[in-house]
Amino acid sequence: MQKYFIVTYGCQMNVHESEKLAGMLVNIGYSEAKCAEEADVVLFNTCCIRDTAEKRAYGNIGALKSLKKQKPDLVIAVVGCMTQQKGGAAALSAKFPFVDIILGTHNIDELPVILQEKRAKKRVISINDDPSPAINDEIPIHRTSGTNAWINIMYGCNNFCTYCIVPYVRGRERSRKMEEILADVKQVLSEGYKEITLLGQNVDSYGSDLKDGTSFALLLKEISLIEGKFRVRFMTSHPKDFSKDVVDVIARSSNICHNIHLPIQSGSNDVLKKMNRKYTAEQYLEIVRYIKEKMPDVGITSDIMIGFPGETEKDFEETCEIVKQVRFSNAFTFVYSPRNGTPAAKMEQISPDVKKSRITRLVKLQNSITKELSKEYLGKEFEILVEDVNPKYEGTVCGRTDSGRLVTVKGDQSLIGSFQRVLITESKSASLFGNLIQTKEEK
Ligand code: SAH
Ligand code: SF4
Ligand code: F3S
């Protein structure tokens with residue numbers, strides 16, 4: 001049997017896309033290899049959101065050169081966002097003459113045919129430049145993420161934040177039909193998944209392109225009406241589109257998690273304007289106020305970027321100020337990385353030393369907030385969905401609270417996939433530890 005090995009970089013969208021790549025391969029008789037050395041096909045599912053992501057992929061692809069020499073029949077494919085950048089496929093092709101297939105983000109469904117026809121051809125480069133290609137709902141999915149099932153609700157992004165490459169490599173917003181999504185939700189629930197994460201670059205504008213009154217609030221409401229015990233998460237929200245309707249639906253439902261990822265990027269209105277984010281710090285704070293009013297137990301997480309062109313010390317301090325005000329339960333912190341072809345790459349850049357100092361200060365600040373918030377969990381009871389064993393501590397498993405906090409408790413594999421009540425007894429920065437306070441629920 002032929003074997004595949006997939007290396008994935010980037011966001012959840014890509015993680016899920018790798019499940020589709022695997023699904024197509026399994027469908028034509030492949031099985032998963034443990035490592036590249038054991039595989040007949042190696043796929044690199046790439047990301048180009050920051051320079052670091054690209055460098056990692058470049059390094060790993062380059063490292064396969066010698067394996068390809070030893071095994072000339074090995075097929076190496078590069079897919080994902082790096083291939084779809086302007087000149088991306090040509091650059092990859094020039095740098096890695098031993099790569100056999102370069103496939104764009106809009107036409108991954110060609111993979112099985114290309115692989116089957118590959119022997120006849122030398123090398124296949126296939127990129128679809130149409131920014132609004134039709135959605136292919138038929139791609140089989142080989143799910144690999146445990147208790148959680150990813151479900152795409154939309155593709156692409158129309159926002160063109162001036163720093164971001166995503167709209168160029170993922171095309172325009174295209175929403176899937178609500179009935180297709182609901183059918184997928186029911187399907188994964190019937191397969192035993194206990195958690196669903198709805199995926200889109202900007203889930204709040206879900207449905208606007210369908211022009212039939214469909215909205216994200218409506219979709220969430222429909223999903224929350226489905227029977228059974230399960231949890232729903234979603235990402236990513238955009239503050240300019242995040243509506244009070246959505247908050248109301250979440251607050252009223254019993255199965256949509258009180259965990260909202262709402263990237264702020266910056267706390268400075270000048271910077272937000274230059275980023276083309278289309279909201280102000282004050283508007284962001286108003287959404288947060290409303291969320292907390294409706295859901296006092298909410299966990300709000302964020303993406304924060306420092307070092308955007310022209311960011312002054314005052315701008316940076318405004319970011320720190322809003323971080324202190326909102327008190328994110330956790331945040332992904334990024335150093336701005338110029339992306340070719342985006343407007344911000346042409347603006348005047350700030351020095352690496354300044355960026356380094358700011359990221360260090362921001363990380364320290366956020367860590368201290370996360371740590372303080374963790375203490376608030378002590379002595380309280382929560383429900384977690386057990387996701388996995390915690391390999392760091394023998395004889396333990398871990399799962400998340402509704403608000404998205406990871407809790408480790410004593411237990412074994414048999415608990416995976418079950419909901420459990422836990423009492424939090426210890427907090428270590430972002431991690432919480434506790435005890436099971438109920439006998440195992442039926443799975
Ligand atoms: N659609 C989502 C995810 C975008 S990528 C959203 O709008 O939030 C995830 C995060 O990467 C972004 O929120 C941003 O903080 C960061 N990011 C995007 N482009 C970047 C760049 N050029 N340099 C550094 N970080 C970047
Ligand atoms: Fe990028 Fe902005 Fe779109 Fe998010 S909303 S993917 S940051 S352009
Ligand atoms: Fe990266 Fe593409 Fe996601 S650029 S962050 S993998 S959409």
# chains A, B, ... in the order shown; residues from 1 in each chain; ligands from 1

$ residues_around --residues "stretch 229-232 of chain A" --least-positions-apart "5" --cutoff "10 Å" --atoms "only C-alpha atoms" --output "list of chain:residue names"
A:Asn148, A:Ala149, A:Val185, A:Leu189, A:Gly192, A:Tyr193, A:Lys194, A:Glu195, A:Ile196, A:Thr197, A:Leu198, A:Leu220, A:Ile223, A:Ser224, A:Ile250, A:Ser254, A:Asn255, A:Ile256, A:Cys257, A:His258, A:Asn259, A:Leu385, A:Asp402, A:Phe419

$ select_by_dssp --residues "stretch 139-203 of chain A" --states "alpha helix (DSSP H)" --output "ChimeraX atom specification"
/A:166-170,178-190

$ closest_residue --among "A:Asp100, A:Leu92, A:Leu67, A:Glu222" --to "A:Ala183" --atoms "only C-alpha atoms"
A:Glu222

$ residues_near_ligand --ligand "ligand 1" --cutoff "8 Å" --atoms "only C-alpha atoms and all ligand atoms" --output "ChimeraX atom specification"
/A:11,49-51,157,163-166,200-202,235-238,262-265,302-305,332-339

$ closest_residue --among "A:Lys177, A:Arg421, A:Lys273, A:His16" --to "ligand 3" --atoms "only C-alpha atoms and all ligand atoms"
A:His16

$ closest_residue --among "A:Met13, A:Val26, A:Cys320, A:Ile350" --to "ligand 2" --atoms "only C-alpha atoms and all ligand atoms"
A:Met13

$ closest_residue --among "A:Arg358, A:Lys68, A:Arg405, A:Lys371" --to "A:Asp315" --atoms "only C-alpha atoms"
A:Arg358

$ residues_near_ligand --ligand "ligand 3" --cutoff "9 Å" --atoms "only C-alpha atoms and all ligand atoms" --output "JSON, numbers by chain"
{"A": [8, 9, 10, 11, 12, 13, 14, 15, 45, 46, 47, 48, 49, 50, 53, 80, 81, 82, 105, 156, 164, 165, 166, 167, 169, 170, 201]}

$ closest_atom_pairs --of "stretch 80-101 of chain A" --to "stretch 113-132 of chain A" --cutoff "8 Å" --atoms "only C-alpha atoms" --output "CSV"
residue,atom,partner,partner_atom,distance
A:Thr83,CA,A:Ile127,CA,7.7
A:Gln84,CA,A:Ile127,CA,6.8
A:Ala89,CA,A:Ile125,CA,7.4
A:Val99,CA,A:Arg123,CA,7.8
A:Asp100,CA,A:Arg123,CA,4.9
A:Ile101,CA,A:Val124,CA,4.8

$ closest_residue --among "A:Gly310, A:Pro72, A:Gly411, A:Pro239" --to "ligand 2" --atoms "only C-alpha atoms and all ligand atoms"
A:Pro239

$ residues_around --residues "A:Lys95" --least-positions-apart "5" --cutoff "10 Å" --atoms "only C-alpha atoms" --output "PyMOL selection string"
chain A and resi 58+61-62+89-90

$ write_last_selection --atoms "N, CA, C and O atoms" --output "JSON list (two decimals), in the first residue's frame"
[["chain", "number", "residue", "atom", "x", "y", "z"],
["A", 58, "TYR", "N", 10.57, 26.41, 3.97],
["A", 58, "TYR", "CA", 11.72, 26.35, 3.08],
["A", 58, "TYR", "C", 12.78, 25.39, 3.62],
["A", 58, "TYR", "O", 13.32, 24.55, 2.90],
["A", 61, "ILE", "N", 11.43, 21.67, 3.43],
["A", 61, "ILE", "CA", 11.37, 21.13, 2.06],
["A", 61, "ILE", "C", 12.80, 20.84, 1.59],
["A", 61, "ILE", "O", 13.10, 19.77, 1.07],
["A", 62, "GLY", "N", 13.68, 21.80, 1.82],
["A", 62, "GLY", "CA", 15.09, 21.65, 1.42],
["A", 62, "GLY", "C", 15.72, 20.40, 2.01],
["A", 62, "GLY", "O", 16.51, 19.71, 1.35],
["A", 89, "ALA", "N", 4.74, 30.10, -6.75],
["A", 89, "ALA", "CA", 4.98, 28.80, -7.37],
["A", 89, "ALA", "C", 6.30, 28.81, -8.14],
["A", 89, "ALA", "O", 7.09, 27.85, -8.07],
["A", 90, "ALA", "N", 6.56, 29.92, -8.85],
["A", 90, "ALA", "CA", 7.79, 30.02, -9.63],
["A", 90, "ALA", "C", 9.01, 30.00, -8.71],
["A", 90, "ALA", "O", 10.02, 29.33, -8.99]]

$ closest_residue --among "A:Gly399, A:Gly59, A:Gly171, A:Gly87" --to "ligand 2" --atoms "only C-alpha atoms and all ligand atoms"
A:Gly171

$ residues_around --residues "A:Glu311" --least-positions-apart "5" --cutoff "12 Å" --atoms "only C-alpha atoms" --output "number ranges by chain"
A: 265-275, 305-306, 316-319, 335-336, 344, 347-351, 354-355, 358

$ select_by_dssp --residues "stretch 166-415 of chain A" --states "strand (DSSP E)" --output "number ranges by chain"
A: 174-175, 195-199, 231-235, 259-261, 299-306, 330-335, 381-389, 396-400, 406-410

$ write_last_selection --atoms "N, CA and C atoms" --output "short mmCIF file (atom, residue, chain, number, x, y, z; two decimals), in the first residue's frame"
data_model
loop_
_atom_site.label_atom_id
_atom_site.label_comp_id
_atom_site.auth_asym_id
_atom_site.auth_seq_id
_atom_site.Cartn_x
_atom_site.Cartn_y
_atom_site.Cartn_z
N ARG A 174 -16.41 33.41 0.33
CA ARG A 174 -17.43 32.53 -0.26
C ARG A 174 -18.01 31.69 0.87
N SER A 175 -19.31 31.83 1.11
CA SER A 175 -19.94 31.09 2.20
C SER A 175 -20.50 29.77 1.70
N GLU A 195 -17.17 18.02 19.95
CA GLU A 195 -16.90 19.45 19.80
C GLU A 195 -16.76 19.78 18.33
N ILE A 196 -17.33 20.91 17.95
CA ILE A 196 -17.27 21.34 16.56
C ILE A 196 -16.66 22.73 16.54
N THR A 197 -15.69 22.94 15.67
CA THR A 197 -15.18 24.30 15.52
C THR A 197 -15.47 24.77 14.11
N LEU A 198 -16.25 25.84 14.03
CA LEU A 198 -16.62 26.40 12.73
C LEU A 198 -15.48 27.30 12.27
N LEU A 199 -15.08 27.12 11.03
CA LEU A 199 -13.90 27.83 10.54
C LEU A 199 -14.20 28.81 9.42
N ARG A 231 -20.37 20.68 21.97
CA ARG A 231 -19.93 22.06 22.10
C ARG A 231 -19.61 22.65 20.74
N VAL A 232 -19.83 23.93 20.63
CA VAL A 232 -19.48 24.61 19.38
C VAL A 232 -18.52 25.74 19.67
N ARG A 233 -17.44 25.79 18.92
CA ARG A 233 -16.53 26.94 18.96
C ARG A 233 -16.45 27.48 17.54
N PHE A 234 -15.89 28.65 17.39
CA PHE A 234 -15.74 29.19 16.03
C PHE A 234 -14.57 30.14 16.00
N MET A 235 -13.97 30.25 14.82
CA MET A 235 -12.92 31.23 14.61
C MET A 235 -12.73 31.49 13.13
N ASN A 259 -16.49 31.41 24.71
CA ASN A 259 -15.06 31.56 24.45
C ASN A 259 -14.96 32.26 23.09
N ILE A 260 -14.50 33.49 23.13
CA ILE A 260 -14.52 34.27 21.88
C ILE A 260 -13.14 34.75 21.52
N HIS A 261 -12.73 34.39 20.31
CA HIS A 261 -11.43 34.85 19.83
C HIS A 261 -11.67 36.09 18.98
N GLY A 299 -14.42 33.64 28.21
CA GLY A 299 -12.98 33.74 28.01
C GLY A 299 -12.75 34.43 26.67
N ILE A 300 -12.15 35.61 26.71
CA ILE A 300 -11.90 36.31 25.44
C ILE A 300 -10.41 36.20 25.13
N THR A 301 -10.11 35.71 23.95
CA THR A 301 -8.71 35.63 23.52
C THR A 301 -8.52 36.55 22.31
N SER A 302 -7.25 36.79 21.96
CA SER A 302 -7.03 37.77 20.91
C SER A 302 -5.73 37.52 20.16
N ASP A 303 -5.61 38.21 19.03
CA ASP A 303 -4.33 38.30 18.33
C ASP A 303 -3.87 39.74 18.46
N ILE A 304 -2.62 39.92 18.85
CA ILE A 304 -2.10 41.28 19.01
C ILE A 304 -0.78 41.37 18.23
N MET A 305 -0.64 42.44 17.47
CA MET A 305 0.56 42.58 16.66
C MET A 305 1.33 43.83 17.08
N ILE A 306 2.61 43.71 17.21
CA ILE A 306 3.43 44.91 17.49
C ILE A 306 4.35 45.13 16.29
N ASN A 330 -6.11 34.84 27.16
CA ASN A 330 -4.87 34.46 26.51
C ASN A 330 -4.77 35.25 25.21
N ALA A 331 -3.55 35.39 24.68
CA ALA A 331 -3.44 36.11 23.40
C ALA A 331 -2.27 35.58 22.60
N PHE A 332 -2.45 35.53 21.29
CA PHE A 332 -1.34 35.23 20.39
C PHE A 332 -0.69 36.57 20.08
N THR A 333 0.59 36.67 20.34
CA THR A 333 1.27 37.94 20.12
C THR A 333 2.24 37.79 18.95
N PHE A 334 2.19 38.73 18.04
CA PHE A 334 2.99 38.62 16.82
C PHE A 334 3.84 39.87 16.58
N VAL A 335 4.99 39.65 15.98
CA VAL A 335 5.82 40.75 15.51
C VAL A 335 5.45 40.96 14.04
N GLU A 381 -15.87 24.96 40.36
CA GLU A 381 -16.18 23.77 39.56
C GLU A 381 -16.47 24.14 38.12
N PHE A 382 -16.00 23.30 37.22
CA PHE A 382 -16.25 23.52 35.79
C PHE A 382 -16.50 22.19 35.10
N GLU A 383 -17.11 22.28 33.94
CA GLU A 383 -17.23 21.08 33.10
C GLU A 383 -16.14 21.14 32.04
N ILE A 384 -15.44 20.04 31.85
CA ILE A 384 -14.47 19.99 30.76
C ILE A 384 -14.84 18.86 29.80
N LEU A 385 -14.41 19.00 28.57
CA LEU A 385 -14.50 17.89 27.62
C LEU A 385 -13.09 17.31 27.54
N VAL A 386 -12.93 16.06 27.97
CA VAL A 386 -11.59 15.48 27.99
C VAL A 386 -11.13 15.22 26.56
N GLU A 387 -9.97 15.84 26.21
CA GLU A 387 -9.50 15.77 24.82
C GLU A 387 -8.41 14.74 24.60
N ASP A 388 -7.55 14.61 25.60
CA ASP A 388 -6.36 13.81 25.34
C ASP A 388 -5.66 13.50 26.66
N VAL A 389 -4.64 12.63 26.58
CA VAL A 389 -3.78 12.48 27.75
C VAL A 389 -2.86 13.70 27.75
N THR A 396 -2.32 11.42 33.58
CA THR A 396 -3.29 12.54 33.55
C THR A 396 -3.89 12.70 32.15
N VAL A 397 -5.05 13.34 32.16
CA VAL A 397 -5.71 13.71 30.90
C VAL A 397 -6.02 15.21 30.97
N CYS A 398 -6.33 15.80 29.82
CA CYS A 398 -6.65 17.22 29.87
C CYS A 398 -7.83 17.54 28.96
N GLY A 399 -8.48 18.63 29.28
CA GLY A 399 -9.62 19.08 28.50
C GLY A 399 -9.87 20.55 28.79
N ARG A 400 -10.76 21.14 28.00
CA ARG A 400 -11.02 22.56 28.15
C ARG A 400 -12.33 22.86 28.87
N LEU A 406 -7.41 25.23 29.50
CA LEU A 406 -6.99 23.83 29.56
C LEU A 406 -6.81 23.39 31.01
N VAL A 407 -7.45 22.27 31.37
CA VAL A 407 -7.37 21.76 32.74
C VAL A 407 -6.81 20.33 32.69
N THR A 408 -5.86 20.06 33.56
CA THR A 408 -5.28 18.71 33.65
C THR A 408 -5.80 18.04 34.91
N VAL A 409 -6.27 16.79 34.74
CA VAL A 409 -6.75 16.03 35.92
C VAL A 409 -6.18 14.62 35.87
N LYS A 410 -6.17 13.94 37.03
CA LYS A 410 -5.72 12.54 37.04
C LYS A 410 -6.75 11.70 36.29
#

$ residues_around --residues "A:Ala22" --least-positions-apart "3" --cutoff "12 Å" --atoms "only C-alpha atoms" --output "ChimeraX atom specification"
/A:3-8,15-19,25-33,41-45,108-109,111-112,139-144

$ residues_around --residues "A:Leu285" --least-positions-apart "6" --cutoff "9 Å" --atoms "only C-alpha atoms" --output "PDB file with N, CA, C and O atoms, in the first residue's frame"
ATOM      1  N   ILE A 322      -5.000  48.812  26.483  1.00  0.00           N
ATOM      2  CA  ILE A 322      -6.245  48.092  26.171  1.00  0.00           C
ATOM      3  C   ILE A 322      -6.140  46.618  26.611  1.00  0.00           C
ATOM      4  O   ILE A 322      -7.120  46.016  27.046  1.00  0.00           O
ATOM      5  N   GLN A 325      -7.042  46.670  30.101  1.00  0.00           N
ATOM      6  CA  GLN A 325      -8.469  46.920  30.312  1.00  0.00           C
ATOM      7  C   GLN A 325      -9.319  45.693  30.015  1.00  0.00           C
ATOM      8  O   GLN A 325     -10.212  45.335  30.761  1.00  0.00           O
ATOM      9  N   VAL A 326      -9.038  45.042  28.867  1.00  0.00           N
ATOM     10  CA  VAL A 326      -9.868  43.903  28.465  1.00  0.00           C
ATOM     11  C   VAL A 326      -9.574  42.681  29.322  1.00  0.00           C
ATOM     12  O   VAL A 326     -10.456  41.936  29.685  1.00  0.00           O
TER      13      VAL A 326
END

$ atom_distance --atom1 "atom CA of A:Ala63" --atom2 "atom CA of A:Met1"
25.1 Å
